[in-house]
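**Student:** What follows is the file start_1.txt, containing compact mmCIF, C-alpha atoms and all ligand atoms:
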```txt
# COMPACT_ATOMS: atom_id res chain seq x y z
CA MET W 1 -70.65 -22.49 200.14
CA SER W 2 -67.30 -23.55 198.71
CA LEU W 3 -66.07 -27.10 199.24
CA LEU W 4 -62.87 -25.77 200.81
CA GLU W 5 -62.22 -22.29 202.05
CA VAL W 6 -58.80 -21.48 203.49
CA ARG W 7 -58.58 -18.07 205.16
CA ASP W 8 -55.41 -16.33 206.33
CA LEU W 9 -53.66 -19.57 207.15
CA THR W 10 -50.37 -18.90 208.94
CA THR W 11 -48.08 -21.65 210.21
CA SER W 12 -44.62 -21.74 211.72
CA PHE W 13 -41.85 -24.17 212.60
CA GLN W 14 -39.70 -24.16 215.67
CA THR W 15 -36.10 -24.42 214.45
CA GLY W 16 -32.67 -24.19 216.04
CA GLY W 17 -32.60 -20.55 215.07
CA GLY W 18 -36.03 -19.77 216.56
CA GLU W 19 -39.57 -19.84 215.23
CA VAL W 20 -39.95 -19.16 211.50
CA THR W 21 -43.15 -18.88 209.51
CA ALA W 22 -43.56 -21.36 206.66
CA VAL W 23 -46.83 -20.02 205.23
CA GLU W 24 -48.33 -16.60 205.89
CA ASN W 25 -51.87 -15.39 205.33
CA ILE W 26 -52.67 -17.89 202.62
CA SER W 27 -56.29 -17.66 201.43
CA PHE W 28 -58.04 -19.53 198.66
CA SER W 29 -61.19 -21.48 197.96
CA LEU W 30 -62.00 -24.54 195.94
CA GLU W 31 -65.34 -25.50 194.43
CA LYS W 32 -66.66 -28.98 193.84
CA GLY W 33 -65.05 -30.49 190.74
CA GLU W 34 -62.55 -27.67 190.38
CA ILE W 35 -58.80 -28.07 189.90
CA LEU W 36 -56.74 -25.45 191.72
CA GLY W 37 -53.08 -25.38 190.77
CA ILE W 38 -50.63 -24.32 193.45
CA VAL W 39 -47.27 -23.45 191.97
CA GLY W 40 -43.99 -22.11 193.32
CA GLU W 41 -40.37 -23.09 193.69
CA SER W 42 -39.28 -25.69 196.18
CA GLY W 43 -39.55 -24.28 199.71
CA SER W 44 -42.39 -21.85 198.99
CA GLY W 45 -44.83 -23.52 201.39
CA LYS W 46 -46.95 -25.70 199.11
CA SER W 47 -46.57 -28.96 201.06
CA VAL W 48 -46.97 -27.22 204.42
CA THR W 49 -50.28 -25.78 203.17
CA ALA W 50 -51.38 -29.24 202.04
CA LEU W 51 -50.36 -30.92 205.29
CA ALA W 52 -52.15 -28.24 207.33
CA ILE W 53 -55.36 -29.02 205.44
CA MET W 54 -54.87 -32.75 206.00
CA GLY W 55 -54.19 -32.19 209.70
CA LEU W 56 -50.85 -33.92 209.22
CA LEU W 57 -48.37 -31.18 210.15
CA PRO W 58 -46.07 -32.54 212.86
CA ARG W 59 -46.94 -30.40 215.91
CA PRO W 60 -44.40 -29.65 217.32
CA PRO W 61 -42.24 -28.46 215.57
CA ALA W 62 -45.08 -26.95 213.51
CA ARG W 63 -47.66 -24.55 214.89
CA ILE W 64 -50.78 -23.02 213.37
CA LEU W 65 -50.57 -19.35 214.25
CA GLY W 66 -53.84 -18.28 212.73
CA GLY W 67 -56.52 -18.60 210.11
CA SER W 68 -59.23 -21.12 209.34
CA ILE W 69 -59.67 -24.11 207.02
CA MET W 70 -63.37 -24.59 206.31
CA PHE W 71 -64.29 -27.87 204.60
CA GLU W 72 -67.99 -28.21 203.81
CA GLY W 73 -68.66 -25.53 206.38
CA GLN W 74 -66.66 -26.95 209.31
CA ASP W 75 -63.35 -25.59 210.53
CA LEU W 76 -60.81 -28.39 210.27
CA LEU W 77 -58.50 -26.60 212.69
CA ARG W 78 -61.11 -27.15 215.41
CA LEU W 79 -61.87 -30.80 214.70
CA SER W 80 -60.71 -33.51 217.11
CA ASP W 81 -57.98 -35.87 215.91
CA ARG W 82 -60.61 -38.57 215.69
CA SER W 83 -62.98 -36.57 213.50
CA MET W 84 -60.06 -35.54 211.34
CA GLN W 85 -59.08 -39.19 210.93
CA ARG W 86 -62.61 -40.02 209.82
CA LEU W 87 -62.50 -37.22 207.26
CA ARG W 88 -59.24 -38.40 205.70
CA GLY W 89 -60.27 -40.82 202.97
CA PRO W 90 -63.91 -40.07 202.20
CA GLY W 91 -63.55 -36.30 202.68
CA ILE W 92 -60.01 -35.37 201.75
CA ALA W 93 -57.30 -37.67 200.44
CA MET W 94 -53.73 -36.93 199.48
CA VAL W 95 -51.10 -38.40 197.18
CA PHE W 96 -47.48 -37.59 197.73
CA GLN W 97 -44.53 -37.19 195.42
CA GLU W 98 -42.67 -40.35 196.36
CA PRO W 99 -44.99 -43.34 196.32
CA MET W 100 -42.44 -45.81 197.69
CA THR W 101 -42.26 -44.01 201.03
CA SER W 102 -46.03 -44.03 201.47
CA LEU W 103 -46.64 -47.69 200.63
CA ASN W 104 -45.85 -50.23 203.31
CA PRO W 105 -43.25 -52.67 201.93
CA VAL W 106 -44.42 -55.63 204.04
CA PHE W 107 -48.05 -55.72 202.89
CA THR W 108 -49.40 -56.55 199.44
CA ILE W 109 -51.03 -53.74 197.54
CA GLY W 110 -54.35 -55.60 197.79
CA GLU W 111 -54.08 -55.68 201.59
CA GLN W 112 -53.26 -51.98 201.68
CA ILE W 113 -56.18 -50.92 199.50
CA MET W 114 -58.60 -53.21 201.33
CA GLU W 115 -57.44 -51.90 204.69
CA THR W 116 -58.21 -48.35 203.60
CA ILE W 117 -61.71 -49.39 202.56
CA GLY W 118 -62.20 -51.27 205.84
CA ALA W 119 -61.18 -48.24 207.88
CA HIS W 120 -64.14 -46.27 206.57
CA GLU W 121 -66.83 -48.72 205.46
CA SER W 122 -68.12 -51.99 206.82
CA LEU W 123 -68.01 -54.19 203.75
CA SER W 124 -67.44 -57.92 203.58
CA GLN W 125 -63.96 -59.19 202.65
CA LYS W 126 -65.35 -60.20 199.27
CA ASP W 127 -66.83 -56.77 198.57
CA ARG W 128 -63.66 -55.03 199.68
CA PHE W 129 -61.65 -57.24 197.33
CA ALA W 130 -64.00 -56.44 194.45
CA ARG W 131 -63.88 -52.71 195.18
CA ALA W 132 -60.07 -52.78 195.33
CA VAL W 133 -59.78 -54.58 191.99
CA GLU W 134 -62.25 -52.18 190.42
CA MET W 135 -60.21 -49.22 191.67
CA LEU W 136 -56.93 -50.71 190.39
CA GLU W 137 -58.54 -51.14 186.98
CA LYS W 138 -59.80 -47.59 187.09
CA VAL W 139 -56.31 -46.20 187.69
CA GLY W 140 -54.98 -48.23 184.78
CA ILE W 141 -53.26 -51.22 186.40
CA PRO W 142 -53.44 -54.11 183.95
CA SER W 143 -54.41 -57.61 185.21
CA ALA W 144 -55.59 -55.99 188.43
CA THR W 145 -56.76 -59.21 190.09
CA SER W 146 -53.36 -60.84 189.90
CA ARG W 147 -51.61 -57.60 190.97
CA MET W 148 -53.53 -57.63 194.26
CA THR W 149 -51.03 -60.09 195.76
CA ASP W 150 -47.94 -58.13 194.62
CA TYR W 151 -45.73 -56.28 197.07
CA PRO W 152 -44.82 -52.63 196.34
CA HIS W 153 -41.26 -53.48 195.25
CA GLN W 154 -42.64 -55.69 192.48
CA LEU W 155 -44.20 -52.69 190.74
CA SER W 156 -42.64 -49.95 188.61
CA GLY W 157 -42.59 -46.33 189.87
CA GLY W 158 -45.51 -45.39 187.64
CA GLN W 159 -47.54 -48.37 188.84
CA ARG W 160 -46.80 -47.55 192.48
CA GLN W 161 -48.07 -44.01 191.93
CA ARG W 162 -51.22 -45.51 190.39
CA VAL W 163 -51.63 -47.74 193.45
CA MET W 164 -51.27 -44.67 195.71
CA LEU W 165 -53.97 -43.02 193.63
CA ALA W 166 -56.16 -46.10 194.02
CA ILE W 167 -55.70 -45.93 197.80
CA ALA W 168 -56.46 -42.20 197.80
CA LEU W 169 -59.53 -42.59 195.61
CA VAL W 170 -61.04 -45.80 196.92
CA CYS W 171 -63.19 -43.93 199.46
CA ARG W 172 -64.32 -41.46 196.77
CA PRO W 173 -62.88 -38.31 198.35
CA LYS W 174 -64.52 -34.98 197.65
CA LEU W 175 -61.11 -33.36 197.56
CA LEU W 176 -57.86 -34.86 196.37
CA ILE W 177 -54.63 -33.12 197.27
CA ALA W 178 -51.99 -34.17 194.75
CA ASP W 179 -48.58 -32.96 196.00
CA GLU W 180 -46.17 -33.13 193.05
CA PRO W 181 -47.80 -36.42 192.05
CA THR W 182 -45.75 -36.90 188.91
CA THR W 183 -42.41 -35.30 189.75
CA ALA W 184 -40.63 -38.60 190.30
CA LEU W 185 -42.00 -40.18 187.12
CA ASP W 186 -40.80 -40.16 183.54
CA VAL W 187 -42.60 -37.98 181.00
CA THR W 188 -44.87 -40.51 179.37
CA ILE W 189 -46.09 -41.86 182.69
CA GLN W 190 -46.42 -38.30 183.99
CA ALA W 191 -48.77 -37.36 181.15
CA GLN W 192 -50.79 -40.57 181.69
CA ILE W 193 -51.24 -39.92 185.42
CA LEU W 194 -52.31 -36.31 184.83
CA SER W 195 -54.90 -37.30 182.25
CA LEU W 196 -56.10 -40.06 184.57
CA LEU W 197 -56.56 -37.49 187.36
CA MET W 198 -58.63 -35.29 185.08
CA ASP W 199 -60.77 -38.24 183.98
CA LEU W 200 -61.39 -39.11 187.62
CA ARG W 201 -62.33 -35.52 188.38
CA ASP W 202 -64.90 -35.69 185.58
CA GLU W 203 -66.20 -39.07 186.70
CA PHE W 204 -66.46 -38.43 190.46
CA GLY W 205 -66.81 -34.64 190.45
CA MET W 206 -64.00 -34.43 192.96
CA ALA W 207 -62.02 -31.26 193.44
CA ILE W 208 -58.23 -31.40 193.10
CA MET W 209 -55.50 -29.29 194.63
CA MET W 210 -52.70 -29.81 192.12
CA ILE W 211 -49.39 -28.89 193.72
CA THR W 212 -46.40 -28.55 191.43
CA HIS W 213 -43.28 -26.51 190.69
CA ASN W 214 -43.95 -27.02 186.99
CA MET W 215 -45.98 -24.46 185.02
CA GLY W 216 -46.40 -27.04 182.25
CA VAL W 217 -48.41 -29.22 184.65
CA ILE W 218 -50.50 -26.18 185.62
CA ALA W 219 -51.24 -25.41 181.96
CA GLU W 220 -52.37 -28.99 181.36
CA THR W 221 -54.62 -29.38 184.36
CA ALA W 222 -55.63 -26.34 186.42
CA ASP W 223 -58.78 -24.22 186.26
CA ARG W 224 -57.42 -21.61 188.63
CA VAL W 225 -53.91 -20.99 189.93
CA LEU W 226 -52.34 -19.80 193.16
CA VAL W 227 -48.71 -18.72 192.84
CA MET W 228 -46.70 -18.92 196.08
CA TYR W 229 -43.36 -17.38 196.89
CA ALA W 230 -41.49 -17.73 200.19
CA GLY W 231 -44.64 -18.65 202.11
CA ARG W 232 -46.95 -16.00 200.69
CA THR W 233 -49.42 -15.73 197.82
CA VAL W 234 -48.00 -13.49 195.12
CA GLU W 235 -50.72 -14.01 192.50
CA GLN W 236 -54.00 -15.78 191.99
CA ALA W 237 -55.98 -16.01 188.73
CA PRO W 238 -57.97 -18.24 186.38
CA VAL W 239 -55.45 -20.29 184.39
CA GLY W 240 -56.06 -18.65 180.99
CA ARG W 241 -55.80 -15.20 182.47
CA LEU W 242 -52.58 -16.07 184.32
CA PHE W 243 -50.88 -17.31 181.17
CA ASP W 244 -52.13 -14.39 179.01
CA HIS W 245 -51.73 -11.60 181.56
CA PRO W 246 -49.38 -12.49 184.38
CA LEU W 247 -49.08 -9.50 186.72
CA HIS W 248 -46.45 -10.38 189.30
CA PRO W 249 -42.80 -10.32 188.15
CA TYR W 250 -42.31 -13.72 189.79
CA THR W 251 -45.15 -15.24 187.75
CA ARG W 252 -43.73 -13.61 184.63
CA GLY W 253 -40.40 -15.21 185.44
CA LEU W 254 -41.99 -18.64 185.93
CA LEU W 255 -43.82 -18.28 182.62
CA SER W 256 -40.77 -17.18 180.69
CA CYS W 257 -39.31 -20.60 181.35
CA VAL W 258 -42.38 -22.82 181.09
CA PRO W 259 -41.06 -26.24 180.30
CA THR W 260 -42.99 -28.61 178.16
CA LEU W 261 -44.08 -31.62 180.14
CA ASP W 262 -40.91 -33.41 179.11
CA GLN W 263 -38.50 -30.97 180.71
CA ASP W 264 -37.99 -30.51 184.40
CA GLN W 265 -38.15 -27.12 186.00
CA ASP W 266 -36.56 -27.75 189.36
CA ARG W 267 -33.92 -25.19 188.50
CA LEU W 268 -35.57 -22.03 187.29
CA VAL W 269 -32.73 -20.67 185.20
CA ALA W 270 -34.81 -17.75 183.91
CA ILE W 271 -35.03 -16.23 187.40
CA PRO W 272 -31.56 -15.57 188.77
CA GLY W 273 -31.00 -16.10 192.46
CA SER W 274 -32.85 -18.39 194.81
CA LEU W 275 -35.65 -18.45 197.34
CA PRO W 276 -34.54 -16.85 200.62
CA GLU W 277 -34.30 -19.10 203.68
CA PRO W 278 -37.19 -18.39 206.07
CA SER W 279 -34.76 -16.86 208.59
CA ARG W 280 -33.19 -14.60 205.96
CA ARG W 281 -36.16 -13.12 204.22
CA PRO W 282 -35.73 -9.48 203.18
CA PRO W 283 -38.10 -6.93 204.69
CA GLY W 284 -40.82 -5.86 202.27
CA CYS W 285 -41.49 -7.91 199.15
CA ARG W 286 -39.71 -11.24 199.50
CA PHE W 287 -39.09 -11.43 195.79
CA SER W 288 -37.56 -7.95 195.59
CA ALA W 289 -33.96 -9.16 195.78
CA ARG W 290 -34.45 -11.17 192.57
CA CYS W 291 -36.83 -8.79 190.82
CA SER W 292 -35.64 -6.74 187.86
CA TYR W 293 -38.52 -4.28 188.39
CA ALA W 294 -37.80 -3.60 192.06
CA VAL W 295 -37.59 -0.01 193.35
CA PRO W 296 -36.56 1.04 196.88
CA ALA W 297 -40.18 1.11 198.09
CA CYS W 298 -40.43 -2.65 197.40
CA GLY W 299 -38.08 -3.30 200.28
CA GLU W 300 -40.07 -1.27 202.79
CA SER W 301 -43.25 -3.22 203.47
CA ILE W 302 -44.88 -6.43 202.30
CA PRO W 303 -47.13 -5.53 199.36
CA PRO W 304 -50.79 -6.38 199.96
CA LEU W 305 -52.59 -8.80 197.66
CA ALA W 306 -54.71 -6.47 195.51
CA MET W 307 -57.48 -7.37 193.07
CA PHE W 308 -56.81 -6.14 189.52
CA GLU W 309 -59.64 -7.95 187.72
CA PRO W 310 -62.43 -10.07 189.17
CA GLY W 311 -60.68 -13.24 190.36
CA HIS W 312 -57.22 -11.92 189.51
CA ALA W 313 -55.11 -10.66 192.39
CA ALA W 314 -51.41 -9.90 192.75
CA ALA W 315 -49.14 -8.68 195.53
CA CYS W 316 -46.86 -6.18 193.80
CA ILE W 317 -46.73 -2.40 194.04
CA ARG W 318 -45.21 -2.15 190.54
CA VAL W 319 -47.99 -3.80 188.55
CA ARG W 320 -49.41 -0.56 187.13
CA ASP W 321 -45.96 0.78 186.24
CA ILE W 322 -44.57 -2.25 184.47
CA GLY W 323 -47.73 -2.75 182.34
N1 LIG S 1 -40.31 -30.07 209.57
C1 LIG S 1 -39.88 -28.82 209.26
N2 LIG S 1 -39.11 -28.12 210.11
C2 LIG S 1 -38.70 -26.86 209.83
N3 LIG S 1 -39.01 -26.21 208.69
C3 LIG S 1 -39.77 -26.86 207.81
C4 LIG S 1 -40.26 -28.19 208.03
N4 LIG S 1 -41.01 -28.57 206.97
C5 LIG S 1 -40.99 -27.51 206.11
N5 LIG S 1 -40.27 -26.49 206.62
C6 LIG S 1 -40.03 -25.19 205.98
O1 LIG S 1 -41.25 -24.65 205.52
C7 LIG S 1 -41.05 -23.99 204.29
C8 LIG S 1 -42.03 -24.50 203.26
O2 LIG S 1 -41.72 -25.85 202.95
P1 LIG S 1 -42.61 -26.73 201.99
O3 LIG S 1 -44.04 -26.48 202.25
O4 LIG S 1 -42.13 -28.13 202.12
O5 LIG S 1 -42.22 -26.15 200.56
P2 LIG S 1 -42.68 -26.69 199.11
O6 LIG S 1 -43.61 -27.83 199.29
O7 LIG S 1 -43.31 -25.50 198.45
O8 LIG S 1 -41.41 -27.09 198.42
C9 LIG S 1 -39.60 -24.20 203.89
O9 LIG S 1 -38.89 -23.03 204.22
C10 LIG S 1 -39.16 -25.35 204.75
O10 LIG S 1 -37.80 -25.22 205.06
MG MG S 2 -43.39 -29.81 198.65
```
Could you render the structure from this file as structure tokens?
Ligand SMILES: Nc1ncnc2c1ncn2[C@@H]1O[C@H](COP(=O)(O)OP(=O)(O)O)[C@@H](O)[C@H]1O
Ligand SMILES: [Mg+2]

**Tutor:**
Amino acid sequence: MSLLEVRDLTTSFQTGGGEVTAVENISFSLEKGEILGIVGESGSGKSVTALAIMGLLPRPPARILGGSIMFEGQDLLRLSDRSMQRLRGPGIAMVFQEPMTSLNPVFTIGEQIMETIGAHESLSQKDRFARAVEMLEKVGIPSATSRMTDYPHQLSGGQRQRVMLAIALVCRPKLLIADEPTTALDVTIQAQILSLLMDLRDEFGMAIMMITHNMGVIAETADRVLVMYAGRTVEQAPVGRLFDHPLHPYTRGLLSCVPTLDQDQDRLVAIPGSLPEPSRRPPGCRFSARCSYAVPACGESIPPLAMFEPGHAAACIRVRDIG
């Protein structure tokens, strides 16, 4: 049994212009200790997928239209709010892109870490303090004991992201969802946080869903990769295979402009055009309007995700032709 098994997840948002789907038929699994990279341009549905797993999609306007999210054999979509709350922390934890918005400015970082521990375990104040300091040291905060009484604004951006990691990891989650965890940070800090995450994976055996728009981050961290485009999976493969043999034209485009970790890839100059708004998606393959390999048939129906090698699937009817 996989640690996490997402099957045919489909979600929508109610908007002024009607109901639009944000993710469609997303399926993937994650084993214990594995790092799954989820990559795609901004707006492709990565965060919505993550929030659906965490049970944190705002409903309404969001709706789960179908699918299942099995975590250790139980369907999270059927859990009560209370059970879901108990799972967040020791089961699944998440770190977000912007650490300042997720830390509470009026409490010290020590209070915030200790509160997280207290929500899930009955430890004495002294033990919670010790555990919090230990976790701050683990995520690389120097002089951790004296930092406990600092407020978030007294820390640098990189340190705040480390504190968020400490909060996420203090209950030893089996799965960490890292949603663009380093996007707001400068390069050196970014590399440090990524290597820290991999060390923690090795130490705790936790699985990581590494969400990013940056193929450089994928290359550095992931074991397997899911490529998303406009709410759908376009390709899935082991990381080495994806970089050596990308099948989908969108993946090829992403790879032709892989930045090193010190460049940002928010604008994908190598792929002309931009992601279609959910309400203006073309019929057929959603990438077809930007694809240099597209033929008329691409615009007729959504290409199914087909397996080309064990573990390597792509949703493109042109794969065989374009070699
Ligand atoms: N609260 C919301 N209301 C309406 N649409 C939303 C909301 N949140 C996300 N979406 C839409 O869902 C799609 C996927 O968004 P998201 O998962 O945030 O993309 P990513 O994380 O890949 O950048 C986008 O088209 C976005 O506009
Ligand atoms: Mg996002």

**Student:** Around ligand LIG 1 (chain S), at most 8 Å away and counting all atoms listed in the file, which residues are there? Put them as a ChimeraX atom specification, please.

**Tutor:** /W:12-15,20-23,39-50,58,61-62,179,213,228,230-231,277-278

**Student:** Find the spatial neighbours of Ala168 (chain W), counting all atoms listed in the file, within a cut-off of 9 Å - ignore same-chain residues fewer than 4 positions away - and output them as a PyMOL selection string.

**Tutor:** chain W and resi 89-90+92-95+113+116+163-164+172-173+176

**Student:** So, with all atoms listed in the file as the atoms that count, which of W:Asp127, W:Glu24, W:Glu115, W:Glu235 lies closest to Arg7 (chain W)?

**Tutor:** W:Glu24

**Student:** Can you tell me, as an MDAnalysis selection string, which residues sit within 10 Å of (-37.6, -9.9, 196.1) in the file's frame, using all atoms listed in the file?

**Tutor:** chainID W and resid 229:230 249:250 273:276 281:294 298:299

**Student:** Between CA of Met84 (chain W) and CA of Thr108 (chain W), what is the distance in Å, rounded to a tenth?

**Tutor:**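 Computing it gives 26.4 Å between the two atoms.
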
**Student:** Can you measure CA of Ala207 (chain W) to CA of His245 (chain W) for me? One decimal in Å is fine.

**Tutor:**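 Spanning CA of Ala207 (chain W) to CA of His245 (chain W) is a straight-line distance of 25.2 Å.
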
**Student:** Measuring atom to atom with all atoms listed in the file, identify which of W:Pro105, W:Pro272, W:Pro310, W:Pro181 is nearest to ligand MG 2 (chain S).

**Tutor:** W:Pro181

**Student:** Restricting the calculation to only C-alpha atoms and all ligand atoms, which member of W:Leu51, W:Val319, W:Ile208, W:Leu255 is positioned closest to ligand MG 2 (chain S)?

**Tutor:**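 Once distances to ligand MG 2 (chain S) are computed over only C-alpha atoms and all ligand atoms, the minimum belongs to W:Leu51.
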
**Student:** Report, in Å with one decimal, the straight-line distance from CA of Pro238 (chain W) to CA of Asp223 (chain W).

**Tutor:**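 Between CA of Pro238 (chain W) and CA of Asp223 (chain W) the gap works out to 6.0 Å.
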
**Student:** Taking all atoms listed in the file into account, name the residue in W:Thr10, W:Thr251, W:Ser2, W:Gln97 that is nearest to ligand MG 2 (chain S).

**Tutor:**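 Of all the options, W:Gln97 lies closest to ligand MG 2 (chain S).
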
**Student:** Give me the residues within 12 Å of Leu197 (chain W) as JSON, numbers by chain, counting only C-alpha atoms and dropping any in the same chain fewer than 5 places off.

**Tutor:** {"W": [33, 34, 35, 95, 138, 139, 140, 161, 162, 165, 166, 168, 169, 175, 176, 177, 178, 181, 182, 190, 191, 192, 202, 203, 204, 205, 206, 207, 208, 209, 210, 217, 220, 221, 222]}

**Student:** Taking all atoms listed in the file into account, name the residue in W:Ala237, W:Leu196, W:Val106, W:Ile322 that is nearest to Glu137 (chain W).

**Tutor:**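 Under the stated criterion, the closest residue is W:Leu196.
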
**Student:** Which residue is closest to ligand MG 2 (chain S)? Choose from W:Glu121, W:Asp8, W:Glu180, W:Glu72 and count only C-alpha atoms and all ligand atoms.

**Tutor:**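 Of W:Glu121, W:Asp8, W:Glu180, W:Glu72, the one nearest ligand MG 2 (chain S) is W:Glu180, counting only C-alpha atoms and all ligand atoms.
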
**Student:** N, CA and C atoms are needed for region 44-66 of chain W; please write them out as a tab-separated table (two decimals), in the coordinates of the input.

**Tutor:**
```tsv
chain	number	residue	atom	x	y	z
W	44	SER	N	-41.48	-22.99	198.91
W	44	SER	CA	-42.39	-21.85	198.99
W	44	SER	C	-43.58	-22.07	199.92
W	45	GLY	N	-43.77	-23.29	200.41
W	45	GLY	CA	-44.83	-23.52	201.39
W	45	GLY	C	-46.00	-24.33	200.88
W	46	LYS	N	-45.85	-24.95	199.72
W	46	LYS	CA	-46.95	-25.70	199.11
W	46	LYS	C	-47.30	-26.94	199.96
W	47	SER	N	-46.28	-27.73	200.30
W	47	SER	CA	-46.57	-28.96	201.06
W	47	SER	C	-47.06	-28.64	202.46
W	48	VAL	N	-46.52	-27.59	203.08
W	48	VAL	CA	-46.97	-27.22	204.42
W	48	VAL	C	-48.46	-26.84	204.38
W	49	THR	N	-48.87	-26.13	203.34
W	49	THR	CA	-50.28	-25.78	203.17
W	49	THR	C	-51.13	-27.05	203.06
W	50	ALA	N	-50.65	-27.99	202.23
W	50	ALA	CA	-51.38	-29.24	202.04
W	50	ALA	C	-51.49	-30.04	203.34
W	51	LEU	N	-50.37	-30.13	204.06
W	51	LEU	CA	-50.36	-30.92	205.29
W	51	LEU	C	-51.23	-30.27	206.37
W	52	ALA	N	-51.28	-28.94	206.37
W	52	ALA	CA	-52.15	-28.24	207.33
W	52	ALA	C	-53.60	-28.61	207.06
W	53	ILE	N	-53.99	-28.66	205.79
W	53	ILE	CA	-55.36	-29.02	205.44
W	53	ILE	C	-55.67	-30.46	205.85
W	54	MET	N	-54.69	-31.35	205.64
W	54	MET	CA	-54.87	-32.75	206.00
W	54	MET	C	-54.80	-33.00	207.51
W	55	GLY	N	-54.39	-31.99	208.26
W	55	GLY	CA	-54.19	-32.19	209.70
W	55	GLY	C	-52.99	-33.07	209.97
W	56	LEU	N	-52.00	-33.02	209.09
W	56	LEU	CA	-50.85	-33.92	209.22
W	56	LEU	C	-49.54	-33.17	209.48
W	57	LEU	N	-49.61	-31.89	209.80
W	57	LEU	CA	-48.37	-31.18	210.15
W	57	LEU	C	-47.87	-31.72	211.48
W	58	PRO	N	-46.58	-32.05	211.57
W	58	PRO	CA	-46.07	-32.54	212.86
W	58	PRO	C	-46.02	-31.40	213.89
W	59	ARG	N	-46.87	-31.48	214.91
W	59	ARG	CA	-46.94	-30.40	215.91
W	59	ARG	C	-46.55	-30.92	217.28
W	60	PRO	N	-45.44	-30.48	217.92
W	60	PRO	CA	-44.40	-29.65	217.32
W	60	PRO	C	-43.59	-30.46	216.29
W	61	PRO	N	-42.71	-29.85	215.51
W	61	PRO	CA	-42.24	-28.46	215.57
W	61	PRO	C	-43.18	-27.43	214.92
W	62	ALA	N	-44.22	-27.92	214.20
W	62	ALA	CA	-45.08	-26.95	213.51
W	62	ALA	C	-46.11	-26.36	214.47
W	63	ARG	N	-46.60	-25.19	214.14
W	63	ARG	CA	-47.66	-24.55	214.89
W	63	ARG	C	-48.55	-23.81	213.93
W	64	ILE	N	-49.86	-23.83	214.18
W	64	ILE	CA	-50.78	-23.02	213.37
W	64	ILE	C	-50.96	-21.72	214.13
W	65	LEU	N	-50.52	-20.63	213.53
W	65	LEU	CA	-50.57	-19.35	214.25
W	65	LEU	C	-51.88	-18.62	214.02
W	66	GLY	N	-52.57	-18.96	212.94
W	66	GLY	CA	-53.84	-18.28	212.73
W	66	GLY	C	-54.53	-18.72	211.46
```
